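Asker: Below are the structure tokens for one structure; questions will follow.
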Number of protein chains: 2
Amino acid sequence: MGYNNFMAISVTKASGVSEPFSEAKVRSSLKRAGAKPEIIDKVLVSLTGKLYDGITTRAIYRQVFDSLAQFQEGIHHRYSLKDAIMKLGPSGYPFEKFVARLLDHLGFTTQTQVTVQGQCIEHEIDVSALKDDQHFLIECKYHNRPGTKSRSRDALYTQARFEDVVAGYKSNSNHVNKFHQAWLVTNTKLTSNAVKYGRCKGMKLLAWRYPEKGSLEQLIEANNLHPLTCFTFLDLRDRQSLLQNDLVLCRDITTATDQRLSDLGLSSDKVKRLKAAAASLHG
Amino acid sequence: MGYNNFMAISVTKASGVSEPFSEAKVRSSLKRAGAKPEIIDKVLVSLTGKLYDGITTRAIYRQVFDSLAQFQEGIHHRYSLKDAIMKLGPSGYPFEKFVARLLDHLGFTTQTQVTVQGQCIEHEIDVSALKDDQHFLIECKYHNRPGTKSRSRDALYTQARFEDVVAGYKSNSNHVNKFHQAWLVTNTKLTSNAVKYGRCKGMKLLAWRYPEKGSLEQLIEANNLHPLTCFTFLDLRDRQSLLQNDLVLCRDITTATDQRLSDLGLSSDKVKRLKAAAASLHG
């Protein structure tokens with residue numbers, strides 16, 4: 001099968017940069033979401049005649065998402081992962097909760113918004129994570145605009161905060177022998193300078209598409225830890241009600257009772273739909 | 001003279017916080033601008049009946065500014081200092097230029113936007129300032145919304161950047177014996193945590209109303225180094241044209257020729273008005 005008709009189409013990315021349309025990129029995004037090969041072909045065929053010069057990646061995404069929903073129910077929730085994480089906004093707090101839940105499932109013991117006295121000032125640590133005798137101080141950098149990147153400035157203040165906290169620990173015998181590490185976790189990409197600085201300082205960086213093995217989206221996909229915001233039929237009110245009540249992951253829906261969900265203000269129709277969608281994702 | 005009629009008026013500050021109207025605050029702001037005592041009284045009388053519950057500080061400022069312009073030509077340009085600095089935006093670059101010009105007049109040798117190789121990454125230093133064997137690395141934090149404050153996060157990345165740069169200097173024999181210090185200069189106030197962290201780390205902090213002696217506005221006022229954006233009759237196009245061509249301070253207008261100003265696109269009327277205003281400020 002050939003898609004030569006796509007060759008000349010130029011696509012506008014969220015950052016404003018243009019690049020030629022890439023069939024390979026659409027294929028790999030669908031593959032990552034778990035779409036079957038024959039479904040991927042069907043989705044690509046459905047794009048015929050719908051692309052135009054200057055089309056945004058966003059518009060292509062919508063087309064693909066709609067086709068996928070039509071051809072392989074359930075899978076399309078996975079396809080919307082990047083978008084779903086954006087929908088954890090508008091504040092950064094739900095993203096912090098999401099990161100903590102992710103780490104809980106990976107065997108860490110976490111706490112969000114922990115106040116710690118550093119050497120100079122008191123700090124609020126977004127997520128504190130423990131595993132054995134290792135202690136991770138995690139700064140979560142959430143952006144609600146696609147195309148933004150976390151910059152070296154974010155890595156710089158994360159490091160300065162970490163150093164002040166660790167200097168504060170020196171006077172605390174519970175901490176003095178523990179291993180500590182600063183993490184910067186972001187829902188967007190990192191600039192190359194942020195990566196360079198973070199690596200130089202021994203920070204752990206976890207971002208969209210970074211590191212190459214074990215990036216944020218890979219961790220989510222490999223462990224089936226999608227945020228419940230990937231259910232696009234939930235409106236802002238529903239989402240906020242669920243997130244505020246510590247229902248953060250799709251798998252939290254499978255374990256929540258219908259009663260609990262309706263107590264949070266969801267209609268019985270929505271509860272049914274939500275349960276079915278969660279089952280199709282985790283079934 | 002009594003102003004008891006003002007007593008019950010509640011004023012909404014830029015931050016959204018309310019406080020009772022304070023005659024003393026208006027008096028001291030006028031005094032700082034150099035208004036004569038009899039003019040201050042006249043301006044306060046002109047406010048009678050113009051205040052209302054919930055009035056914004058901004059609206060009061062406009063009233064006072066207009067009265068002042070009427071009663072004591074020239075002085076009103078000084079009164080608009082905070083506003084004038086805001087008008088150095090929308091980007092942060094004109095504020096960096098302004099800070100550099102301020103320091104030039106105070107005997108420093110400055111450079112803006114200097115690229116320096118740190119130990120981990122390359123940094124862009126907003127202003128580098130030298131005085132004898134002392135070297136100051138200055139981060140300028142410009143906010144274009146009143147009521148914003150520079151936070152500990154800004155002080156943290158300033159410090160981390162400084163430390164990386166100084167670590168980079170260790171391999172450079174020209175620098176190794178020099179004294180280095182990080183400065184954070186901002187056009188707004190600082191949070192108390194930013195002050196605490198900066199002082200703990202030995203940074204120099206220069207902000208609106210900080211430190212108590214030698215704050216940004218005091219330096220400007222005591223040395224007559226007002227930015228030319230305090231001439232409110234200049235429109236955005238005029239301002240940008242002047243700033244881009246390194247005319248930054250009001251005193252730069254007194255030394256520029258009429259020809260230079262008209263070459264920058266100012267009408268002959270504007271040139272006249274600008275020259276007269278600069279003369280009234282520096283005369």
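Letters A, B, ... go to the chains of the structure tokens in the order shown; residues in each chain start at 1; ligands are counted from 1 in the same order.
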For chain B against chain A, which residues fall within 12 Å using only C-alpha atoms, given as a PDB file with C-alpha atoms, in the first residue's frame?

Answerer:
```pdb
ATOM      1  CA  GLN B 117      30.560  28.550  29.911  1.00  0.00           C
ATOM      2  CA  GLY B 118      29.759  27.085  33.304  1.00  0.00           C
ATOM      3  CA  GLN B 119      30.930  23.727  34.597  1.00  0.00           C
ATOM      4  CA  CYS B 120      27.805  21.962  33.287  1.00  0.00           C
ATOM      5  CA  ILE B 121      26.247  24.206  30.647  1.00  0.00           C
ATOM      6  CA  GLU B 122      26.573  27.544  28.905  1.00  0.00           C
ATOM      7  CA  HIS B 123      24.635  30.376  30.548  1.00  0.00           C
ATOM      8  CA  GLU B 124      23.387  33.697  29.358  1.00  0.00           C
ATOM      9  CA  GLU B 139      19.950  38.085  36.859  1.00  0.00           C
ATOM     10  CA  ARG B 151       9.824  34.399  44.373  1.00  0.00           C
ATOM     11  CA  SER B 152      12.320  32.063  46.007  1.00  0.00           C
ATOM     12  CA  ARG B 153      12.309  30.052  42.769  1.00  0.00           C
ATOM     13  CA  ASP B 154      13.920  33.034  41.009  1.00  0.00           C
ATOM     14  CA  ALA B 155      16.550  33.329  43.738  1.00  0.00           C
ATOM     15  CA  LEU B 156      17.148  29.555  43.561  1.00  0.00           C
ATOM     16  CA  TYR B 157      17.898  29.429  39.836  1.00  0.00           C
ATOM     17  CA  THR B 158      19.980  32.604  40.081  1.00  0.00           C
ATOM     18  CA  GLN B 159      22.115  30.896  42.727  1.00  0.00           C
ATOM     19  CA  ALA B 160      22.388  27.581  40.823  1.00  0.00           C
ATOM     20  CA  ARG B 161      23.409  29.433  37.659  1.00  0.00           C
ATOM     21  CA  PHE B 162      25.950  31.473  39.619  1.00  0.00           C
ATOM     22  CA  GLU B 163      27.459  28.350  41.186  1.00  0.00           C
ATOM     23  CA  ASP B 164      27.780  26.617  37.828  1.00  0.00           C
ATOM     24  CA  VAL B 165      29.443  29.682  36.320  1.00  0.00           C
ATOM     25  CA  THR B 191       8.626  37.405  48.651  1.00  0.00           C
ATOM     26  CA  SER B 192      10.000  37.076  52.175  1.00  0.00           C
ATOM     27  CA  ASN B 193      11.306  33.612  51.272  1.00  0.00           C
ATOM     28  CA  ALA B 194      13.219  35.006  48.288  1.00  0.00           C
ATOM     29  CA  VAL B 195      14.823  37.580  50.610  1.00  0.00           C
ATOM     30  CA  LYS B 196      15.643  34.925  53.198  1.00  0.00           C
ATOM     31  CA  TYR B 197      17.230  32.567  50.673  1.00  0.00           C
ATOM     32  CA  GLY B 198      19.153  35.324  48.892  1.00  0.00           C
ATOM     33  CA  ARG B 199      20.589  36.683  52.146  1.00  0.00           C
ATOM     34  CA  CYS B 200      21.476  33.186  53.351  1.00  0.00           C
ATOM     35  CA  LYS B 201      23.425  32.589  50.129  1.00  0.00           C
ATOM     36  CA  GLY B 202      25.162  35.962  50.162  1.00  0.00           C
TER      37      GLY B 202
END
```

Asker: Give me every strand (DSSP E) residue in segment 81-170 of chain B, going by DSSP on the backbone, as a list in words.

Answerer: Thr109, Thr110, Gln111, Thr112, Gln113, Val114, Thr115, Val116, Gln117, Glu122, His123, Glu124, Ile125, Asp126, Val127, Ser128, Ala129, Leu130, Lys131, Gln134, His135, Phe136, Leu137, Ile138, Glu139, Cys140, Lys141, Lys149 and Ser150 of chain B

Asker: Can I get the selected residues back with N, CA, C and O atoms, as a compact mmCIF listing (two decimals), in the first residue's frame?

Answerer:
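The file below, result24.txt, is the result:
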```
# COMPACT_ATOMS: atom_id res chain seq x y z
N THR B 109 31.32 48.88 35.24
CA THR B 109 31.46 48.63 33.81
C THR B 109 30.59 47.43 33.48
O THR B 109 30.78 46.36 34.06
N THR B 110 29.62 47.62 32.61
CA THR B 110 28.63 46.56 32.40
C THR B 110 28.61 46.03 30.97
O THR B 110 29.01 46.72 30.04
N GLN B 111 28.09 44.83 30.87
CA GLN B 111 27.79 44.21 29.58
C GLN B 111 26.46 43.48 29.74
O GLN B 111 26.23 42.86 30.79
N THR B 112 25.60 43.51 28.72
CA THR B 112 24.35 42.76 28.82
C THR B 112 24.43 41.49 27.98
O THR B 112 25.18 41.42 27.02
N GLN B 113 23.64 40.49 28.38
CA GLN B 113 23.51 39.22 27.66
C GLN B 113 24.86 38.61 27.29
O GLN B 113 25.19 38.43 26.12
N VAL B 114 25.61 38.30 28.33
CA VAL B 114 26.93 37.72 28.15
C VAL B 114 26.81 36.19 28.24
O VAL B 114 26.20 35.67 29.16
N THR B 115 27.38 35.51 27.27
CA THR B 115 27.36 34.04 27.30
C THR B 115 28.61 33.54 28.02
O THR B 115 29.73 33.95 27.69
N VAL B 116 28.40 32.71 29.02
CA VAL B 116 29.51 32.21 29.84
C VAL B 116 29.41 30.69 29.93
O VAL B 116 28.32 30.16 30.15
N GLN B 117 30.54 30.00 29.77
CA GLN B 117 30.56 28.55 29.91
C GLN B 117 30.68 28.20 31.39
O GLN B 117 31.69 28.51 32.01
N GLU B 122 26.36 26.15 29.24
CA GLU B 122 26.57 27.54 28.91
C GLU B 122 25.40 28.36 29.46
O GLU B 122 24.25 27.91 29.38
N HIS B 123 25.70 29.53 30.00
CA HIS B 123 24.64 30.38 30.55
C HIS B 123 24.62 31.73 29.86
O HIS B 123 25.68 32.23 29.46
N GLU B 124 23.46 32.31 29.78
CA GLU B 124 23.39 33.70 29.36
C GLU B 124 23.16 34.55 30.60
O GLU B 124 22.14 34.40 31.28
N ILE B 125 24.14 35.39 30.89
CA ILE B 125 24.04 36.27 32.06
C ILE B 125 23.42 37.58 31.57
O ILE B 125 23.90 38.19 30.63
N ASP B 126 22.33 38.01 32.26
CA ASP B 126 21.61 39.21 31.81
C ASP B 126 22.52 40.43 31.82
O ASP B 126 22.64 41.15 30.84
N VAL B 127 23.17 40.68 32.97
CA VAL B 127 24.11 41.80 33.08
C VAL B 127 25.34 41.32 33.84
O VAL B 127 25.23 40.73 34.91
N SER B 128 26.50 41.57 33.27
CA SER B 128 27.76 41.32 33.96
C SER B 128 28.32 42.69 34.33
O SER B 128 28.42 43.57 33.48
N ALA B 129 28.66 42.89 35.61
CA ALA B 129 29.12 44.22 36.05
C ALA B 129 30.45 44.08 36.79
O ALA B 129 30.62 43.21 37.63
N LEU B 130 31.38 44.94 36.45
CA LEU B 130 32.70 44.94 37.07
C LEU B 130 32.92 46.24 37.82
O LEU B 130 32.51 47.31 37.36
N LYS B 131 33.57 46.16 39.00
CA LYS B 131 34.01 47.36 39.72
C LYS B 131 35.27 46.94 40.43
O LYS B 131 35.22 46.02 41.27
N GLN B 134 36.00 43.31 41.55
CA GLN B 134 34.77 42.64 41.94
C GLN B 134 33.88 42.44 40.71
O GLN B 134 33.71 43.35 39.89
N HIS B 135 33.36 41.26 40.61
CA HIS B 135 32.61 40.87 39.43
C HIS B 135 31.22 40.41 39.86
O HIS B 135 31.09 39.49 40.65
N PHE B 136 30.22 41.04 39.30
CA PHE B 136 28.85 40.74 39.70
C PHE B 136 28.08 40.13 38.53
O PHE B 136 28.10 40.68 37.42
N LEU B 137 27.45 39.00 38.78
CA LEU B 137 26.66 38.31 37.76
C LEU B 137 25.21 38.55 38.09
O LEU B 137 24.70 38.08 39.12
N ILE B 138 24.54 39.30 37.22
CA ILE B 138 23.22 39.84 37.56
C ILE B 138 22.10 39.20 36.76
O ILE B 138 22.12 39.22 35.53
N GLU B 139 21.16 38.62 37.47
CA GLU B 139 19.95 38.08 36.86
C GLU B 139 18.87 39.15 37.01
O GLU B 139 18.61 39.62 38.12
N CYS B 140 18.27 39.56 35.90
CA CYS B 140 17.21 40.56 35.95
C CYS B 140 15.87 39.86 35.82
O CYS B 140 15.64 39.11 34.87
N LYS B 141 14.99 40.07 36.76
CA LYS B 141 13.67 39.44 36.72
C LYS B 141 12.65 40.53 36.52
O LYS B 141 12.35 41.30 37.43
N LYS B 149 5.25 39.18 42.52
CA LYS B 149 6.49 39.30 43.29
C LYS B 149 7.52 38.34 42.73
O LYS B 149 7.14 37.29 42.18
N SER B 150 8.78 38.66 42.86
CA SER B 150 9.80 37.69 42.51
C SER B 150 9.92 36.73 43.68
O SER B 150 9.94 37.13 44.84
```

Asker: Tell me which protein, DNA and RNA residues are within 9 Å of segment 217-223 of chain A, counting only C-alpha atoms, leaving out same-chain ones fewer than 4 positions away, and put them as a list in words.

Answerer: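 Surrounding residues, per the criterion: Arg32, Ala33, Arg78, Leu81, Lys82, Leu102, His105, Leu106, Asn187, Ala207, Trp208, Arg209, Tyr210, Lys213 and Pro227 of chain A.
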
Asker: How would the residues just picked look written out with all heavy atoms as a CSV table (one decimal), in the first residue's frame?

Answerer:
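Saved as selection30.csv:
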```csv
chain,number,residue,atom,x,y,z
A,32,ARG,N,2.3,2.4,19.4
A,32,ARG,CA,2.5,2.6,20.8
A,32,ARG,C,1.2,2.5,21.6
A,32,ARG,O,1.2,1.9,22.7
A,32,ARG,CB,3.1,4.0,21.1
A,32,ARG,CG,4.6,4.0,21.0
A,32,ARG,CD,5.2,5.2,21.8
A,32,ARG,NE,4.5,6.4,21.5
A,32,ARG,CZ,4.7,7.2,20.5
A,32,ARG,NH1,5.7,6.9,19.6
A,32,ARG,NH2,4.1,8.3,20.3
A,33,ALA,N,0.2,3.0,21.0
A,33,ALA,CA,-1.1,2.9,21.7
A,33,ALA,C,-1.7,1.5,21.7
A,33,ALA,O,-2.7,1.2,22.4
A,33,ALA,CB,-2.1,3.8,21.1
A,78,ARG,N,-6.0,5.1,24.9
A,78,ARG,CA,-4.6,5.1,25.1
A,78,ARG,C,-3.9,6.0,24.2
A,78,ARG,O,-2.8,6.5,24.5
A,78,ARG,CB,-4.1,3.7,24.7
A,78,ARG,CG,-4.2,2.8,25.9
A,78,ARG,CD,-3.4,1.5,25.7
A,78,ARG,NE,-3.8,0.5,26.6
A,78,ARG,CZ,-3.8,-0.8,26.5
A,78,ARG,NH1,-3.3,-1.3,25.4
A,78,ARG,NH2,-4.3,-1.5,27.4
A,81,LEU,N,-3.0,9.8,25.2
A,81,LEU,CA,-2.2,9.9,26.4
A,81,LEU,C,-1.6,11.3,26.7
A,81,LEU,O,-1.8,11.9,27.7
A,81,LEU,CB,-1.1,8.9,26.4
A,81,LEU,CG,-0.2,8.9,27.7
A,81,LEU,CD1,-1.0,8.7,29.0
A,81,LEU,CD2,0.8,7.8,27.6
A,82,LYS,N,-0.9,11.9,25.7
A,82,LYS,CA,-0.3,13.2,25.8
A,82,LYS,C,-1.3,14.3,26.2
A,82,LYS,O,-1.2,15.1,27.1
A,82,LYS,CB,0.4,13.6,24.5
A,82,LYS,CG,1.3,14.8,24.6
A,82,LYS,CD,1.9,15.0,23.2
A,82,LYS,CE,3.0,16.1,23.3
A,82,LYS,NZ,3.7,16.2,22.0
A,102,LEU,N,1.9,7.0,40.0
A,102,LEU,CA,2.7,6.2,39.1
A,102,LEU,C,3.8,5.5,39.9
A,102,LEU,O,4.1,4.3,39.8
A,102,LEU,CB,3.3,7.2,38.1
A,102,LEU,CG,3.8,6.8,36.8
A,102,LEU,CD1,2.5,6.5,35.9
A,102,LEU,CD2,4.5,8.0,36.1
A,105,HIS,N,2.8,2.6,42.2
A,105,HIS,CA,2.7,1.4,41.4
A,105,HIS,C,4.0,0.8,41.1
A,105,HIS,O,4.1,-0.4,40.8
A,105,HIS,CB,1.8,1.6,40.2
A,105,HIS,CG,0.3,1.6,40.5
A,105,HIS,ND1,-0.4,0.4,40.6
A,105,HIS,CD2,-0.5,2.5,40.7
A,105,HIS,CE1,-1.6,0.6,40.9
A,105,HIS,NE2,-1.8,2.0,41.0
A,106,LEU,N,5.0,1.6,41.1
A,106,LEU,CA,6.4,1.1,40.7
A,106,LEU,C,7.1,0.7,42.0
A,106,LEU,O,8.4,0.5,41.9
A,106,LEU,CB,7.1,2.1,39.9
A,106,LEU,CG,6.5,2.4,38.5
A,106,LEU,CD1,7.2,3.6,37.8
A,106,LEU,CD2,6.4,1.2,37.6
A,187,ASN,N,5.7,16.9,32.1
A,187,ASN,CA,4.8,16.3,31.1
A,187,ASN,C,5.2,16.7,29.7
A,187,ASN,O,4.6,16.2,28.7
A,187,ASN,CB,3.4,16.6,31.4
A,187,ASN,CG,3.1,18.1,31.2
A,187,ASN,OD1,3.9,18.9,31.6
A,187,ASN,ND2,1.9,18.5,30.7
A,207,ALA,N,10.7,12.7,31.4
A,207,ALA,CA,10.0,13.7,30.6
A,207,ALA,C,9.3,12.9,29.5
A,207,ALA,O,9.4,11.7,29.3
A,207,ALA,CB,10.9,14.8,30.1
A,208,TRP,N,8.5,13.7,28.7
A,208,TRP,CA,7.9,13.1,27.5
A,208,TRP,C,9.0,12.8,26.6
A,208,TRP,O,9.8,13.6,26.2
A,208,TRP,CB,7.0,14.2,26.9
A,208,TRP,CG,6.1,13.6,25.9
A,208,TRP,CD1,6.2,13.6,24.5
A,208,TRP,CD2,4.9,12.8,26.1
A,208,TRP,NE1,5.2,12.9,23.9
A,208,TRP,CE2,4.4,12.4,24.8
A,208,TRP,CE3,4.2,12.3,27.3
A,208,TRP,CZ2,3.2,11.6,24.7
A,208,TRP,CZ3,3.1,11.6,27.1
A,208,TRP,CH2,2.6,11.2,25.8
A,209,ARG,N,9.1,11.5,26.2
A,209,ARG,CA,10.2,11.0,25.3
A,209,ARG,C,11.6,11.1,25.9
A,209,ARG,O,12.6,11.1,25.1
A,209,ARG,CB,10.2,11.8,23.9
A,209,ARG,CG,8.9,11.7,23.2
A,209,ARG,CD,8.8,10.4,22.4
A,209,ARG,NE,7.4,10.1,22.1
A,209,ARG,CZ,6.7,10.5,21.1
A,209,ARG,NH1,7.4,11.2,20.2
A,209,ARG,NH2,5.5,10.2,20.9
A,210,TYR,N,11.7,11.2,27.2
A,210,TYR,CA,13.1,11.2,27.8
A,210,TYR,C,13.0,10.5,29.1
A,210,TYR,O,12.1,10.8,29.9
A,210,TYR,CB,13.6,12.7,28.0
A,210,TYR,CG,15.1,12.6,28.4
A,210,TYR,CD1,16.1,12.6,27.5
A,210,TYR,CD2,15.4,12.5,29.8
A,210,TYR,CE1,17.4,12.5,27.9
A,210,TYR,CE2,16.7,12.3,30.1
A,210,TYR,CZ,17.7,12.4,29.2
A,210,TYR,OH,19.0,12.3,29.6
A,213,LYS,N,15.0,5.2,27.0
A,213,LYS,CA,14.3,4.0,27.6
A,213,LYS,C,13.8,4.3,29.0
A,213,LYS,O,14.6,4.8,29.8
A,213,LYS,CB,15.3,2.8,27.7
A,213,LYS,CG,15.7,2.3,26.4
A,213,LYS,CD,16.3,0.9,26.4
A,213,LYS,CE,16.5,0.5,25.0
A,213,LYS,NZ,17.3,-0.8,24.8
A,227,PRO,N,-3.7,8.1,33.0
A,227,PRO,CA,-4.6,8.9,33.9
A,227,PRO,C,-6.0,8.9,33.4
A,227,PRO,O,-6.2,8.7,32.2
A,227,PRO,CB,-4.0,10.3,33.6
A,227,PRO,CG,-3.4,10.3,32.3
A,227,PRO,CD,-2.9,8.9,32.1
```

Asker: Just the residues within 12 Å of Ser262 of chain B, please, counting only C-alpha atoms, with nothing from its chain fewer than 6 positions along; format it as a PyMOL selection string.

Answerer: chain B and resi 238+241-242+253+256+268-272+274-275

Asker: Any chance you could export the current selection's all heavy atoms as an mmCIF file, in the first residue's frame?

Answerer:
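So again.cif came out as:
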```cif
data_model
loop_
_atom_site.group_PDB
_atom_site.id
_atom_site.type_symbol
_atom_site.label_atom_id
_atom_site.label_comp_id
_atom_site.auth_asym_id
_atom_site.auth_seq_id
_atom_site.Cartn_x
_atom_site.Cartn_y
_atom_site.Cartn_z
ATOM 1 N N ASP B 238 7.110 54.701 19.691
ATOM 2 C CA ASP B 238 8.183 55.642 20.062
ATOM 3 C C ASP B 238 9.133 54.992 21.066
ATOM 4 O O ASP B 238 10.354 55.039 20.911
ATOM 5 C CB ASP B 238 7.603 56.894 20.749
ATOM 6 C CG ASP B 238 6.711 57.718 19.830
ATOM 7 O OD1 ASP B 238 6.895 57.644 18.599
ATOM 8 O OD2 ASP B 238 5.835 58.429 20.360
ATOM 9 N N SER B 241 11.297 52.244 19.645
ATOM 10 C CA SER B 241 12.314 52.783 18.755
ATOM 11 C C SER B 241 13.475 53.384 19.562
ATOM 12 O O SER B 241 14.654 53.150 19.266
ATOM 13 C CB SER B 241 11.667 53.820 17.840
ATOM 14 O OG SER B 241 12.643 54.494 17.109
ATOM 15 N N LEU B 242 13.155 54.110 20.614
ATOM 16 C CA LEU B 242 14.192 54.722 21.454
ATOM 17 C C LEU B 242 14.989 53.647 22.208
ATOM 18 O O LEU B 242 16.221 53.651 22.193
ATOM 19 C CB LEU B 242 13.557 55.708 22.442
ATOM 20 C CG LEU B 242 12.928 56.967 21.831
ATOM 21 C CD1 LEU B 242 12.013 57.671 22.838
ATOM 22 C CD2 LEU B 242 14.004 57.939 21.348
ATOM 23 N N ILE B 253 17.961 61.621 26.758
ATOM 24 C CA ILE B 253 17.242 62.553 25.875
ATOM 25 C C ILE B 253 17.922 63.919 25.896
ATOM 26 O O ILE B 253 18.037 64.586 24.856
ATOM 27 C CB ILE B 253 15.766 62.691 26.324
ATOM 28 C CG1 ILE B 253 15.056 61.341 26.233
ATOM 29 C CG2 ILE B 253 15.034 63.753 25.502
ATOM 30 C CD1 ILE B 253 14.987 60.734 24.852
ATOM 31 N N ALA B 256 20.925 63.626 23.556
ATOM 32 C CA ALA B 256 20.694 63.275 22.143
ATOM 33 C C ALA B 256 20.355 64.526 21.330
ATOM 34 O O ALA B 256 19.661 65.418 21.829
ATOM 35 C CB ALA B 256 19.556 62.260 22.045
ATOM 36 N N SER B 268 8.517 66.094 14.741
ATOM 37 C CA SER B 268 9.234 67.246 15.306
ATOM 38 C C SER B 268 8.512 67.783 16.540
ATOM 39 O O SER B 268 9.133 68.266 17.483
ATOM 40 C CB SER B 268 9.429 68.343 14.248
ATOM 41 O OG SER B 268 8.172 68.816 13.824
ATOM 42 N N ASP B 269 7.184 67.633 16.567
ATOM 43 C CA ASP B 269 6.410 68.014 17.762
ATOM 44 C C ASP B 269 6.825 67.173 18.975
ATOM 45 O O ASP B 269 7.028 67.710 20.072
ATOM 46 C CB ASP B 269 4.904 67.804 17.519
ATOM 47 C CG ASP B 269 4.231 69.063 17.005
ATOM 48 O OD1 ASP B 269 4.978 70.031 16.708
ATOM 49 O OD2 ASP B 269 2.996 69.064 16.885
ATOM 50 N N LYS B 270 6.923 65.869 18.718
ATOM 51 C CA LYS B 270 7.297 64.946 19.803
ATOM 52 C C LYS B 270 8.698 65.242 20.289
ATOM 53 O O LYS B 270 8.967 65.188 21.496
ATOM 54 C CB LYS B 270 7.211 63.494 19.313
ATOM 55 C CG LYS B 270 5.827 62.916 19.433
ATOM 56 C CD LYS B 270 5.757 61.708 20.339
ATOM 57 C CE LYS B 270 4.323 61.286 20.551
ATOM 58 N NZ LYS B 270 3.862 60.314 19.576
ATOM 59 N N VAL B 271 9.608 65.522 19.353
ATOM 60 C CA VAL B 271 11.000 65.811 19.728
ATOM 61 C C VAL B 271 11.025 67.019 20.662
ATOM 62 O O VAL B 271 11.663 67.002 21.719
ATOM 63 C CB VAL B 271 11.884 66.063 18.480
ATOM 64 C CG1 VAL B 271 13.262 66.567 18.883
ATOM 65 C CG2 VAL B 271 12.016 64.781 17.651
ATOM 66 N N LYS B 272 10.275 68.056 20.299
ATOM 67 C CA LYS B 272 10.210 69.273 21.125
ATOM 68 C C LYS B 272 9.680 68.969 22.518
ATOM 69 O O LYS B 272 10.229 69.390 23.530
ATOM 70 C CB LYS B 272 9.277 70.308 20.449
ATOM 71 C CG LYS B 272 10.036 71.425 19.743
ATOM 72 C CD LYS B 272 9.081 72.445 19.163
ATOM 73 C CE LYS B 272 9.629 72.944 17.831
ATOM 74 N NZ LYS B 272 8.563 73.388 16.913
ATOM 75 N N LEU B 274 9.558 66.117 24.035
ATOM 76 C CA LEU B 274 10.450 65.225 24.752
ATOM 77 C C LEU B 274 11.617 66.004 25.355
ATOM 78 O O LEU B 274 11.973 65.827 26.529
ATOM 79 C CB LEU B 274 10.966 64.177 23.759
ATOM 80 C CG LEU B 274 11.575 62.882 24.275
ATOM 81 C CD1 LEU B 274 10.678 62.190 25.273
ATOM 82 C CD2 LEU B 274 11.850 61.949 23.084
ATOM 83 N N LYS B 275 12.185 66.899 24.560
ATOM 84 C CA LYS B 275 13.304 67.719 25.032
ATOM 85 C C LYS B 275 12.872 68.593 26.215
ATOM 86 O O LYS B 275 13.586 68.730 27.209
ATOM 87 C CB LYS B 275 13.815 68.610 23.880
ATOM 88 C CG LYS B 275 14.702 67.853 22.897
ATOM 89 C CD LYS B 275 16.071 67.680 23.514
ATOM 90 C CE LYS B 275 17.086 67.129 22.539
ATOM 91 N NZ LYS B 275 18.403 66.955 23.182
#
```

Asker: Determine, counting only C-alpha atoms, which protein, DNA and RNA residues have an atom within 9 Å of an atom of Val26 of chain A; residues of the same chain fewer than 3 positions away are not included. Present the result as a PyMOL selection string.

Answerer: chain A and resi 22-23+29-31+40+44+60-61+64

Asker: Do a neighbour search on Gln63 of chain A at 12 Å with only C-alpha atoms, toss out local chain neighbours closer than 6 positions, and write the hits as a list in words.

Answerer: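 Selected residues are Val26, Val43, Leu44, Val45, Ser46, Leu47, Thr48, Gly49, Lys50, Leu51, Ile55, Thr56, Thr57, Ala69, Gln70, His76, Tyr79 and Ser80 of chain A.
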
Asker: Quick one: everything within 10 Å of His77 of chain A, counting only C-alpha atoms, minus sequence neighbours fewer than 2 positions away in the same chain. Send it as a PyMOL selection string.

Answerer: chain A and resi 33+65+68-69+73-75+79-81+84+226-232+250+277-278+280-281
